[in-house]
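K.L.:
I am sharing final.tsv, which consists of TSV, N, CA and C atoms:
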chain	number	residue	atom	x	y	z
A	1	GLN	N	-19.50	100.76	86.95
A	1	GLN	CA	-19.74	101.62	85.81
A	1	GLN	C	-18.44	102.17	85.25
A	2	VAL	N	-18.45	102.44	83.99
A	2	VAL	CA	-17.30	103.02	83.30
A	2	VAL	C	-17.71	104.39	82.78
A	3	GLN	N	-16.85	105.35	82.96
A	3	GLN	CA	-17.07	106.68	82.40
A	3	GLN	C	-15.98	106.96	81.36
A	4	LEU	N	-16.42	107.48	80.24
A	4	LEU	CA	-15.50	107.85	79.16
A	4	LEU	C	-15.59	109.36	78.96
A	5	VAL	N	-14.47	110.02	78.97
A	5	VAL	CA	-14.45	111.48	78.82
A	5	VAL	C	-13.53	111.84	77.66
A	6	GLU	N	-14.12	112.45	76.63
A	6	GLU	CA	-13.35	112.89	75.48
A	6	GLU	C	-12.84	114.31	75.69
A	7	SER	N	-11.74	114.60	75.03
A	7	SER	CA	-11.20	115.96	75.02
A	7	SER	C	-10.37	116.14	73.75
A	8	GLY	N	-10.04	117.40	73.47
A	8	GLY	CA	-9.17	117.69	72.34
A	8	GLY	C	-9.86	118.24	71.11
A	9	GLY	N	-11.18	118.32	71.13
A	9	GLY	CA	-11.87	118.89	69.99
A	9	GLY	C	-11.65	120.39	69.89
A	10	GLY	N	-12.10	120.96	68.78
A	10	GLY	CA	-11.97	122.40	68.61
A	10	GLY	C	-12.16	122.80	67.17
A	11	LEU	N	-11.77	124.03	66.89
A	11	LEU	CA	-11.89	124.61	65.56
A	11	LEU	C	-10.52	124.63	64.91
A	12	VAL	N	-10.43	124.14	63.68
A	12	VAL	CA	-9.16	124.09	62.98
A	12	VAL	C	-9.41	124.36	61.50
A	13	GLN	N	-8.43	124.91	60.84
A	13	GLN	CA	-8.55	125.15	59.41
A	13	GLN	C	-8.30	123.86	58.63
A	14	ALA	N	-8.85	123.80	57.45
A	14	ALA	CA	-8.62	122.65	56.58
A	14	ALA	C	-7.13	122.42	56.40
A	15	GLY	N	-6.73	121.16	56.46
A	15	GLY	CA	-5.32	120.81	56.37
A	15	GLY	C	-4.63	120.72	57.72
A	16	GLY	N	-5.30	121.18	58.75
A	16	GLY	CA	-4.72	121.15	60.09
A	16	GLY	C	-4.89	119.82	60.78
A	17	SER	N	-4.48	119.79	62.05
A	17	SER	CA	-4.50	118.55	62.83
A	17	SER	C	-5.12	118.78	64.20
A	18	LEU	N	-5.69	117.73	64.72
A	18	LEU	CA	-6.18	117.69	66.09
A	18	LEU	C	-5.92	116.30	66.65
A	19	ARG	N	-5.77	116.23	67.96
A	19	ARG	CA	-5.63	114.94	68.64
A	19	ARG	C	-6.70	114.83	69.70
A	20	LEU	N	-7.58	113.87	69.52
A	20	LEU	CA	-8.62	113.61	70.50
A	20	LEU	C	-8.14	112.57	71.50
A	21	SER	N	-8.56	112.75	72.74
A	21	SER	CA	-8.26	111.79	73.79
A	21	SER	C	-9.56	111.31	74.41
A	22	CYS	N	-9.55	110.08	74.88
A	22	CYS	CA	-10.70	109.52	75.59
A	22	CYS	C	-10.17	108.74	76.78
A	23	ALA	N	-10.42	109.28	77.96
A	23	ALA	CA	-9.94	108.66	79.17
A	23	ALA	C	-11.07	107.91	79.85
A	24	ALA	N	-10.77	106.68	80.26
A	24	ALA	CA	-11.76	105.85	80.93
A	24	ALA	C	-11.50	105.83	82.43
A	25	SER	N	-12.58	105.88	83.19
A	25	SER	CA	-12.47	105.79	84.64
A	25	SER	C	-13.63	104.97	85.17
A	26	GLY	N	-13.54	104.61	86.44
A	26	GLY	CA	-14.60	103.81	87.04
A	26	GLY	C	-14.05	102.48	87.51
A	27	ARG	N	-14.87	101.46	87.39
A	27	ARG	CA	-14.45	100.14	87.84
A	27	ARG	C	-13.26	99.68	86.99
A	28	THR	N	-12.63	98.61	87.41
A	28	THR	CA	-11.48	98.09	86.68
A	28	THR	C	-11.79	98.03	85.20
A	29	PHE	N	-11.00	98.74	84.44
A	29	PHE	CA	-11.30	98.92	83.03
A	29	PHE	C	-10.46	97.96	82.21
A	30	SER	N	-11.12	97.04	81.55
A	30	SER	CA	-10.42	96.08	80.71
A	30	SER	C	-11.29	95.77	79.50
A	31	PRO	N	-11.34	96.71	78.57
A	31	PRO	CA	-12.21	96.52	77.42
A	31	PRO	C	-11.63	95.52	76.43
A	32	TYR	N	-12.46	95.04	75.55
A	32	TYR	CA	-12.00	94.21	74.44
A	32	TYR	C	-11.56	95.09	73.27
A	33	SER	N	-12.23	96.20	73.12
A	33	SER	CA	-11.89	97.11	72.04
A	33	SER	C	-12.46	98.49	72.36
A	34	MET	N	-11.95	99.48	71.64
A	34	MET	CA	-12.49	100.83	71.74
A	34	MET	C	-12.60	101.41	70.34
A	35	GLY	N	-13.54	102.32	70.21
A	35	GLY	CA	-13.77	102.89	68.90
A	35	GLY	C	-14.06	104.38	68.97
A	36	TRP	N	-13.93	105.01	67.82
A	36	TRP	CA	-14.34	106.39	67.64
A	36	TRP	C	-15.43	106.44	66.57
A	37	PHE	N	-16.47	107.18	66.87
A	37	PHE	CA	-17.56	107.41	65.93
A	37	PHE	C	-17.76	108.92	65.82
A	38	ARG	N	-18.49	109.34	64.79
A	38	ARG	CA	-18.77	110.77	64.67
A	38	ARG	C	-20.17	110.97	64.11
A	39	GLN	N	-20.73	112.13	64.42
A	39	GLN	CA	-22.07	112.46	63.94
A	39	GLN	C	-22.10	113.91	63.50
A	40	ALA	N	-22.34	114.11	62.23
A	40	ALA	CA	-22.48	115.45	61.68
A	40	ALA	C	-23.95	115.86	61.75
A	41	PRO	N	-24.22	117.17	61.73
A	41	PRO	CA	-25.61	117.63	61.80
A	41	PRO	C	-26.47	117.02	60.70
A	42	GLY	N	-27.61	116.47	61.10
A	42	GLY	CA	-28.54	115.91	60.14
A	42	GLY	C	-28.15	114.55	59.61
A	43	LYS	N	-27.08	113.98	60.13
A	43	LYS	CA	-26.63	112.67	59.66
A	43	LYS	C	-26.60	111.67	60.79
A	44	GLU	N	-26.55	110.40	60.43
A	44	GLU	CA	-26.46	109.35	61.43
A	44	GLU	C	-25.03	109.24	61.95
A	45	ARG	N	-24.93	108.70	63.14
A	45	ARG	CA	-23.60	108.46	63.71
A	45	ARG	C	-22.89	107.41	62.88
A	46	GLU	N	-21.63	107.68	62.55
A	46	GLU	CA	-20.88	106.75	61.70
A	46	GLU	C	-19.57	106.34	62.34
A	47	PHE	N	-19.13	105.17	61.97
A	47	PHE	CA	-17.87	104.62	62.45
A	47	PHE	C	-16.70	105.38	61.86
A	48	VAL	N	-15.67	105.60	62.68
A	48	VAL	CA	-14.45	106.25	62.22
A	48	VAL	C	-13.25	105.32	62.34
A	49	ALA	N	-13.01	104.80	63.54
A	49	ALA	CA	-11.83	103.97	63.77
A	49	ALA	C	-12.06	103.10	65.00
A	50	ALA	N	-11.35	101.99	65.06
A	50	ALA	CA	-11.45	101.10	66.21
A	50	ALA	C	-10.12	100.41	66.43
A	51	ALA	N	-9.89	100.04	67.68
A	51	ALA	CA	-8.65	99.36	68.04
A	51	ALA	C	-8.94	98.24	69.03
A	52	SER	N	-8.31	97.11	68.81
A	52	SER	CA	-8.37	96.03	69.79
A	52	SER	C	-7.51	96.41	70.99
A	53	TRP	N	-8.05	96.21	72.19
A	53	TRP	CA	-7.30	96.61	73.38
A	53	TRP	C	-6.10	95.69	73.63
A	54	ASN	N	-6.24	94.43	73.29
A	54	ASN	CA	-5.18	93.47	73.60
A	54	ASN	C	-3.99	93.56	72.65
A	55	ASP	N	-4.26	93.49	71.34
A	55	ASP	CA	-3.14	93.44	70.40
A	55	ASP	C	-2.97	94.71	69.59
A	56	GLY	N	-3.86	95.68	69.80
A	56	GLY	CA	-3.71	96.97	69.13
A	56	GLY	C	-4.05	96.99	67.67
A	57	SER	N	-4.62	95.93	67.15
A	57	SER	CA	-5.01	95.95	65.74
A	57	SER	C	-6.05	97.03	65.51
A	58	THR	N	-6.00	97.65	64.35
A	58	THR	CA	-6.82	98.82	64.09
A	58	THR	C	-7.59	98.70	62.78
A	59	TYR	N	-8.71	99.39	62.74
A	59	TYR	CA	-9.54	99.46	61.53
A	59	TYR	C	-10.03	100.89	61.37
A	60	TYR	N	-10.22	101.29	60.11
A	60	TYR	CA	-10.65	102.65	59.81
A	60	TYR	C	-11.72	102.65	58.73
A	61	THR	N	-12.58	103.66	58.77
A	61	THR	CA	-13.45	103.86	57.64
A	61	THR	C	-12.62	104.41	56.49
A	62	ASN	N	-13.04	104.14	55.27
A	62	ASN	CA	-12.21	104.48	54.11
A	62	ASN	C	-11.89	105.97	54.02
A	63	SER	N	-12.82	106.81	54.41
A	63	SER	CA	-12.63	108.25	54.22
A	63	SER	C	-11.54	108.86	55.10
A	64	VAL	N	-11.09	108.12	56.12
A	64	VAL	CA	-10.05	108.67	57.01
A	64	VAL	C	-8.74	107.90	56.92
A	65	LYS	N	-8.71	106.83	56.17
A	65	LYS	CA	-7.48	106.04	56.05
A	65	LYS	C	-6.34	106.90	55.52
A	66	GLY	N	-5.19	106.80	56.17
A	66	GLY	CA	-4.04	107.59	55.78
A	66	GLY	C	-4.00	108.97	56.41
A	67	ARG	N	-5.09	109.39	57.03
A	67	ARG	CA	-5.14	110.71	57.67
A	67	ARG	C	-5.31	110.60	59.19
A	68	PHE	N	-6.09	109.63	59.65
A	68	PHE	CA	-6.36	109.45	61.08
A	68	PHE	C	-5.62	108.23	61.61
A	69	THR	N	-5.22	108.31	62.86
A	69	THR	CA	-4.58	107.17	63.52
A	69	THR	C	-5.17	106.99	64.91
A	70	ILE	N	-5.65	105.80	65.18
A	70	ILE	CA	-6.14	105.47	66.51
A	70	ILE	C	-5.04	104.74	67.26
A	71	SER	N	-4.89	105.06	68.53
A	71	SER	CA	-3.89	104.38	69.35
A	71	SER	C	-4.42	104.30	70.77
A	72	ARG	N	-3.80	103.42	71.56
A	72	ARG	CA	-4.26	103.31	72.95
A	72	ARG	C	-3.08	103.22	73.88
A	73	ASP	N	-3.28	103.73	75.08
A	73	ASP	CA	-2.30	103.63	76.16
A	73	ASP	C	-2.95	102.81	77.25
A	74	VAL	N	-2.59	101.55	77.31
A	74	VAL	CA	-3.24	100.63	78.25
A	74	VAL	C	-3.01	101.06	79.69
A	75	ALA	N	-1.82	101.53	80.00
A	75	ALA	CA	-1.50	101.94	81.38
A	75	ALA	C	-2.34	103.13	81.82
A	76	LYS	N	-2.69	103.99	80.87
A	76	LYS	CA	-3.47	105.19	81.20
A	76	LYS	C	-4.96	105.02	80.93
A	77	ASN	N	-5.37	103.85	80.45
A	77	ASN	CA	-6.78	103.62	80.10
A	77	ASN	C	-7.29	104.72	79.17
A	78	THR	N	-6.50	105.03	78.18
A	78	THR	CA	-6.83	106.13	77.28
A	78	THR	C	-6.66	105.70	75.83
A	79	VAL	N	-7.58	106.16	75.01
A	79	VAL	CA	-7.48	105.94	73.57
A	79	VAL	C	-7.41	107.30	72.89
A	80	TYR	N	-6.64	107.36	71.82
A	80	TYR	CA	-6.42	108.62	71.12
A	80	TYR	C	-6.87	108.50	69.66
A	81	LEU	N	-7.17	109.65	69.09
A	81	LEU	CA	-7.43	109.71	67.65
A	81	LEU	C	-6.65	110.91	67.12
A	82	GLN	N	-5.55	110.62	66.44
A	82	GLN	CA	-4.77	111.66	65.81
A	82	GLN	C	-5.36	111.92	64.43
A	83	MET	N	-5.75	113.17	64.19
A	83	MET	CA	-6.42	113.52	62.94
A	83	MET	C	-5.56	114.54	62.20
A	84	ASN	N	-5.06	114.14	61.06
A	84	ASN	CA	-4.24	115.02	60.22
A	84	ASN	C	-4.97	115.31	58.91
A	85	SER	N	-4.49	116.33	58.22
A	85	SER	CA	-5.05	116.71	56.91
A	85	SER	C	-6.57	116.82	56.98
A	86	LEU	N	-7.04	117.50	57.99
A	86	LEU	CA	-8.48	117.59	58.22
A	86	LEU	C	-9.19	118.32	57.09
A	87	LYS	N	-10.39	117.87	56.82
A	87	LYS	CA	-11.23	118.42	55.76
A	87	LYS	C	-12.53	118.95	56.37
A	88	PRO	N	-13.18	119.90	55.70
A	88	PRO	CA	-14.46	120.39	56.23
A	88	PRO	C	-15.48	119.27	56.45
A	89	GLU	N	-15.44	118.23	55.64
A	89	GLU	CA	-16.37	117.13	55.82
A	89	GLU	C	-16.09	116.27	57.04
A	90	ASP	N	-14.98	116.53	57.72
A	90	ASP	CA	-14.70	115.85	58.99
A	90	ASP	C	-15.41	116.52	60.16
A	91	THR	N	-16.03	117.66	59.91
A	91	THR	CA	-16.75	118.37	60.97
A	91	THR	C	-17.87	117.51	61.53
A	92	ALA	N	-17.85	117.33	62.85
A	92	ALA	CA	-18.83	116.47	63.51
A	92	ALA	C	-18.57	116.48	65.01
A	93	VAL	N	-19.49	115.90	65.74
A	93	VAL	CA	-19.24	115.56	67.14
A	93	VAL	C	-18.62	114.16	67.15
A	94	TYR	N	-17.49	114.04	67.80
A	94	TYR	CA	-16.77	112.77	67.85
A	94	TYR	C	-17.00	112.11	69.21
A	95	TYR	N	-17.34	110.84	69.16
A	95	TYR	CA	-17.62	110.05	70.36
A	95	TYR	C	-16.65	108.88	70.46
A	96	CYS	N	-16.18	108.63	71.65
A	96	CYS	CA	-15.44	107.39	71.85
A	96	CYS	C	-16.37	106.37	72.50
A	97	ALA	N	-16.06	105.12	72.30
A	97	ALA	CA	-16.89	104.04	72.80
A	97	ALA	C	-16.03	102.88	73.23
A	98	ALA	N	-16.52	102.15	74.23
A	98	ALA	CA	-15.78	101.01	74.76
A	98	ALA	C	-16.65	99.77	74.72
A	99	ASP	N	-16.03	98.67	74.36
A	99	ASP	CA	-16.70	97.37	74.38
A	99	ASP	C	-16.12	96.56	75.53
A	100	THR	N	-16.92	96.33	76.56
A	100	THR	CA	-16.45	95.56	77.71
A	100	THR	C	-17.06	94.18	77.76
A	101	ARG	N	-17.85	93.83	76.74
A	101	ARG	CA	-18.52	92.52	76.76
A	101	ARG	C	-17.80	91.50	75.88
A	102	GLY	N	-17.28	91.91	74.77
A	102	GLY	CA	-16.55	91.00	73.89
A	102	GLY	C	-17.37	89.84	73.40
A	103	THR	N	-18.66	90.06	73.13
A	103	THR	CA	-19.53	88.95	72.74
A	103	THR	C	-19.51	88.65	71.26
A	104	THR	N	-18.91	89.52	70.48
A	104	THR	CA	-18.82	89.29	69.03
A	104	THR	C	-17.39	89.46	68.57
A	105	LEU	N	-17.07	88.87	67.44
A	105	LEU	CA	-15.72	88.96	66.92
A	105	LEU	C	-15.37	90.38	66.50
A	106	PHE	N	-14.28	90.88	67.00
A	106	PHE	CA	-13.86	92.25	66.72
A	106	PHE	C	-13.72	92.48	65.22
A	107	ILE	N	-13.10	91.55	64.52
A	107	ILE	CA	-12.83	91.74	63.10
A	107	ILE	C	-14.12	91.79	62.28
A	108	VAL	N	-15.21	91.33	62.87
A	108	VAL	CA	-16.50	91.31	62.16
A	108	VAL	C	-17.36	92.52	62.53
A	109	THR	N	-17.31	92.93	63.80
A	109	THR	CA	-18.28	93.92	64.28
A	109	THR	C	-17.67	95.22	64.76
A	110	TYR	N	-16.40	95.46	64.47
A	110	TYR	CA	-15.73	96.66	65.02
A	110	TYR	C	-16.43	97.95	64.63
A	111	HIS	N	-17.16	97.96	63.54
A	111	HIS	CA	-17.77	99.18	63.01
A	111	HIS	C	-19.22	99.37	63.46
A	112	LEU	N	-19.75	98.46	64.24
A	112	LEU	CA	-21.16	98.50	64.61
A	112	LEU	C	-21.39	99.16	65.96
A	113	HIS	N	-22.36	100.05	66.01
A	113	HIS	CA	-22.67	100.74	67.26
A	113	HIS	C	-22.96	99.75	68.38
A	114	GLY	N	-23.69	98.70	68.06
A	114	GLY	CA	-24.15	97.77	69.08
A	114	GLY	C	-23.05	96.98	69.76
A	115	ARG	N	-21.85	97.00	69.17
A	115	ARG	CA	-20.75	96.30	69.81
A	115	ARG	C	-20.34	96.97	71.12
A	116	TYR	N	-20.54	98.29	71.16
A	116	TYR	CA	-19.98	99.09	72.25
A	116	TYR	C	-21.04	99.37	73.31
A	117	ASP	N	-20.69	99.17	74.58
A	117	ASP	CA	-21.66	99.35	75.65
A	117	ASP	C	-21.45	100.60	76.49
A	118	TYR	N	-20.37	101.28	76.29
A	118	TYR	CA	-20.16	102.56	76.98
A	118	TYR	C	-19.75	103.62	75.96
A	119	TRP	N	-20.28	104.82	76.17
A	119	TRP	CA	-20.04	105.93	75.25
A	119	TRP	C	-19.68	107.19	76.02
A	120	GLY	N	-18.82	108.00	75.42
A	120	GLY	CA	-18.52	109.30	75.99
A	120	GLY	C	-19.59	110.31	75.59
A	121	GLN	N	-19.41	111.54	76.08
A	121	GLN	CA	-20.39	112.58	75.84
A	121	GLN	C	-20.18	113.29	74.52
A	122	GLY	N	-19.04	113.09	73.90
A	122	GLY	CA	-18.76	113.69	72.61
A	122	GLY	C	-17.94	114.96	72.71
A	123	THR	N	-17.17	115.23	71.68
A	123	THR	CA	-16.40	116.45	71.58
A	123	THR	C	-16.53	117.00	70.16
A	124	GLN	N	-16.76	118.31	70.05
A	124	GLN	CA	-17.01	118.91	68.75
A	124	GLN	C	-15.71	119.16	68.01
A	125	VAL	N	-15.68	118.75	66.75
A	125	VAL	CA	-14.58	119.07	65.84
A	125	VAL	C	-15.15	119.86	64.67
A	126	THR	N	-14.63	121.05	64.46
A	126	THR	CA	-15.08	121.89	63.37
A	126	THR	C	-13.90	122.25	62.48
A	127	VAL	N	-14.01	121.94	61.21
A	127	VAL	CA	-12.94	122.21	60.25
A	127	VAL	C	-13.44	123.27	59.27
A	128	SER	N	-12.77	124.41	59.28
A	128	SER	CA	-13.18	125.50	58.39
A	128	SER	C	-12.43	125.43	57.06
A	129	SER	N	-13.09	125.86	56.01
A	129	SER	CA	-12.47	125.81	54.68
A	129	SER	C	-11.70	127.07	54.38
Just give me the structure as structure tokens.
P.N.:
Amino acid sequence: QVQLVESGGGLVQAGGSLRLSCAASGRTFSPYSMGWFRQAPGKEREFVAAASWNDGSTYYTNSVKGRFTISRDVAKNTVYLQMNSLKPEDTAVYYCAADTRGTTLFIVTYHLHGRYDYWGQGTQVTVSS
């Protein structure tokens, strides 16, 4: 089993920054990719960013491009989400996810919930105006 633990959420004013971390533990961890998703109250969970574990290629949803950066530390089994220029509409619970099956092409399915087989418990990010 793989456990994913997020940290780094909190309350920040609009224009501020936060850095989320997601540490993986458990059996030998060698994912194909990892992603960040978020869910605001009353809304469906949506894709935010994803990174290939092998080559580090990254993808973002349009609303965070230029503001958020996903990165990974392979040695630490950790993925990060650096969030700058935060907006009130970024308020949500943020979840990290890991894909350990690699059954679909990353470039095609990086944004789909079903690609990922392990999920963290989520961390709250609140951006005040």
K.L.:
Residues near Lys87 of chain A, anyone? I mean within 8 Å using only N, CA and C atoms, not counting same-chain ones fewer than 3 positions away, as a ChimeraX atom specification.
P.N.:
/A:13-16,83-84,90-91,126-129
K.L.:
Measure the distance from atom CA of Tyr32 of chain A to atom CA of Ile70 of chain A in Å and round it to one decimal.
P.N.:
15.0 Å
K.L.:
Skip Gln1 of chain A itself and residues of its chain fewer than 6 positions away, then list as a PDB file with N, CA and C atoms, in the coordinates of the input all residues within 6.5 Å of it, counting only N, CA and C atoms.
P.N.:
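Written file, out.pdb:
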ATOM      1  N   SER A  25     -12.580 105.880  83.190  1.00  0.00           N
ATOM      2  CA  SER A  25     -12.470 105.790  84.640  1.00  0.00           C
ATOM      3  C   SER A  25     -13.630 104.970  85.170  1.00  0.00           C
ATOM      4  N   GLY A  26     -13.540 104.610  86.440  1.00  0.00           N
ATOM      5  CA  GLY A  26     -14.600 103.810  87.040  1.00  0.00           C
ATOM      6  C   GLY A  26     -14.050 102.480  87.510  1.00  0.00           C
ATOM      7  N   ARG A  27     -14.870 101.460  87.390  1.00  0.00           N
ATOM      8  CA  ARG A  27     -14.450 100.140  87.840  1.00  0.00           C
ATOM      9  C   ARG A  27     -13.260  99.680  86.990  1.00  0.00           C
TER      10      ARG A  27
END
K.L.:
Report, in Å to a single decimal, how far apart atom C of Tyr118 of chain A and atom N of Tyr59 of chain A are.
P.N.:
17.7 Å
K.L.:
Could you give me, as a PyMOL selection string, each residue of segment 41-110 of chain A that DSSP assigns to strand (DSSP E or B) when run on this structure's backbone?
P.N.:
chain A and resi 46-52+58-60+68-73+78-83+92-99
K.L.:
Do you know which residues are at most 7 Å from Asp117 of chain A counting only N, CA and C atoms, after dropping those on the same chain fewer than 6 positions away, and could you put them as a compact mmCIF listing (two decimals) with N, CA and C atoms, in the frame of the given file?
P.N.:
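That gives us result.txt:
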# COMPACT_ATOMS: atom_id res chain seq x y z
N ALA A 97 -16.06 105.12 72.30
CA ALA A 97 -16.89 104.04 72.80
C ALA A 97 -16.03 102.88 73.23
N ALA A 98 -16.52 102.15 74.23
CA ALA A 98 -15.78 101.01 74.76
C ALA A 98 -16.65 99.77 74.72
N ASP A 99 -16.03 98.67 74.36
CA ASP A 99 -16.70 97.37 74.38
C ASP A 99 -16.12 96.56 75.53
N THR A 100 -16.92 96.33 76.56
CA THR A 100 -16.45 95.56 77.71
C THR A 100 -17.06 94.18 77.76
N ARG A 101 -17.85 93.83 76.74
CA ARG A 101 -18.52 92.52 76.76
C ARG A 101 -17.80 91.50 75.88
K.L.:
Restricting the calculation to all atoms listed in the file: of A:Trp119, A:Glu44, A:Gly102, A:Asn77, which residue gets closest to Val2 of chain A?
P.N.:
A:Trp119
K.L.:
By how many Å are atom C of Ala92 of chain A and atom N of Arg115 of chain A apart?
P.N.:
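Computing the Euclidean distance for atom C of Ala92 of chain A and atom N of Arg115 of chain A yields 20.2 Å.
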K.L.:
Closest to Leu18 of chain A among A:Arg72, A:Glu6, A:Leu81, A:Ser57, using only C-alpha atoms?
P.N.:
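Residue with the minimum atom-to-atom distance to Leu18 of chain A: A:Leu81.
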K.L.:
Using all atoms listed in the file, can you tell me which of A:Thr61, A:Asp73, A:Thr123, A:Ala51 comes closest to Cys96 of chain A?
P.N.:
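Nearest to Cys96 of chain A: A:Thr123.
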K.L.:
Once you count only C-alpha atoms, which residues end up no further than 7 Å from (-11.6, 112.5, 75.2) in the file's frame, shown as a list in words?
P.N.:
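The distance filter leaves exactly Val5, Glu6, Ser7, Gly8, Leu20, Ser21, Cys22 and Ala23 of chain A.
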K.L.:
Which of these, A:Val74, A:Val108, A:Ala40, A:Val64, has the shortest distance to Tyr94 of chain A once you count all atoms listed in the file?
P.N.:
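Closest residue, counting all atoms listed in the file: A:Ala40.
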K.L.:
Could N, CA, C and O atoms be built for segment 9-21 of chain A and written out as an mmCIF file, keeping the file's coordinate frame?
P.N.:
data_model
loop_
_atom_site.group_PDB
_atom_site.id
_atom_site.type_symbol
_atom_site.label_atom_id
_atom_site.label_comp_id
_atom_site.auth_asym_id
_atom_site.auth_seq_id
_atom_site.Cartn_x
_atom_site.Cartn_y
_atom_site.Cartn_z
ATOM 1 N N GLY A 9 -11.180 118.320 71.130
ATOM 2 C CA GLY A 9 -11.870 118.890 69.990
ATOM 3 C C GLY A 9 -11.650 120.390 69.890
ATOM 4 O O GLY A 9 -11.076 121.010 70.776
ATOM 5 N N GLY A 10 -12.100 120.960 68.780
ATOM 6 C CA GLY A 10 -11.970 122.400 68.610
ATOM 7 C C GLY A 10 -12.160 122.800 67.170
ATOM 8 O O GLY A 10 -12.664 122.033 66.351
ATOM 9 N N LEU A 11 -11.770 124.030 66.890
ATOM 10 C CA LEU A 11 -11.890 124.610 65.560
ATOM 11 C C LEU A 11 -10.520 124.630 64.910
ATOM 12 O O LEU A 11 -9.545 125.097 65.515
ATOM 13 N N VAL A 12 -10.430 124.140 63.680
ATOM 14 C CA VAL A 12 -9.160 124.090 62.980
ATOM 15 C C VAL A 12 -9.410 124.360 61.500
ATOM 16 O O VAL A 12 -10.495 124.068 60.980
ATOM 17 N N GLN A 13 -8.430 124.910 60.840
ATOM 18 C CA GLN A 13 -8.550 125.150 59.410
ATOM 19 C C GLN A 13 -8.300 123.860 58.630
ATOM 20 O O GLN A 13 -7.612 122.941 59.115
ATOM 21 N N ALA A 14 -8.850 123.800 57.450
ATOM 22 C CA ALA A 14 -8.620 122.650 56.580
ATOM 23 C C ALA A 14 -7.130 122.420 56.400
ATOM 24 O O ALA A 14 -6.365 123.380 56.219
ATOM 25 N N GLY A 15 -6.730 121.160 56.460
ATOM 26 C CA GLY A 15 -5.320 120.810 56.370
ATOM 27 C C GLY A 15 -4.630 120.720 57.720
ATOM 28 O O GLY A 15 -3.496 120.225 57.805
ATOM 29 N N GLY A 16 -5.300 121.180 58.750
ATOM 30 C CA GLY A 16 -4.720 121.150 60.090
ATOM 31 C C GLY A 16 -4.890 119.820 60.780
ATOM 32 O O GLY A 16 -5.381 118.846 60.193
ATOM 33 N N SER A 17 -4.480 119.790 62.050
ATOM 34 C CA SER A 17 -4.500 118.550 62.830
ATOM 35 C C SER A 17 -5.120 118.780 64.200
ATOM 36 O O SER A 17 -5.065 119.892 64.743
ATOM 37 N N LEU A 18 -5.690 117.730 64.720
ATOM 38 C CA LEU A 18 -6.180 117.690 66.090
ATOM 39 C C LEU A 18 -5.920 116.300 66.650
ATOM 40 O O LEU A 18 -5.881 115.316 65.905
ATOM 41 N N ARG A 19 -5.770 116.230 67.960
ATOM 42 C CA ARG A 19 -5.630 114.940 68.640
ATOM 43 C C ARG A 19 -6.700 114.830 69.700
ATOM 44 O O ARG A 19 -6.715 115.611 70.657
ATOM 45 N N LEU A 20 -7.580 113.870 69.520
ATOM 46 C CA LEU A 20 -8.620 113.610 70.500
ATOM 47 C C LEU A 20 -8.140 112.570 71.500
ATOM 48 O O LEU A 20 -7.405 111.647 71.150
ATOM 49 N N SER A 21 -8.560 112.750 72.740
ATOM 50 C CA SER A 21 -8.260 111.790 73.790
ATOM 51 C C SER A 21 -9.560 111.310 74.410
ATOM 52 O O SER A 21 -10.535 112.055 74.475
#
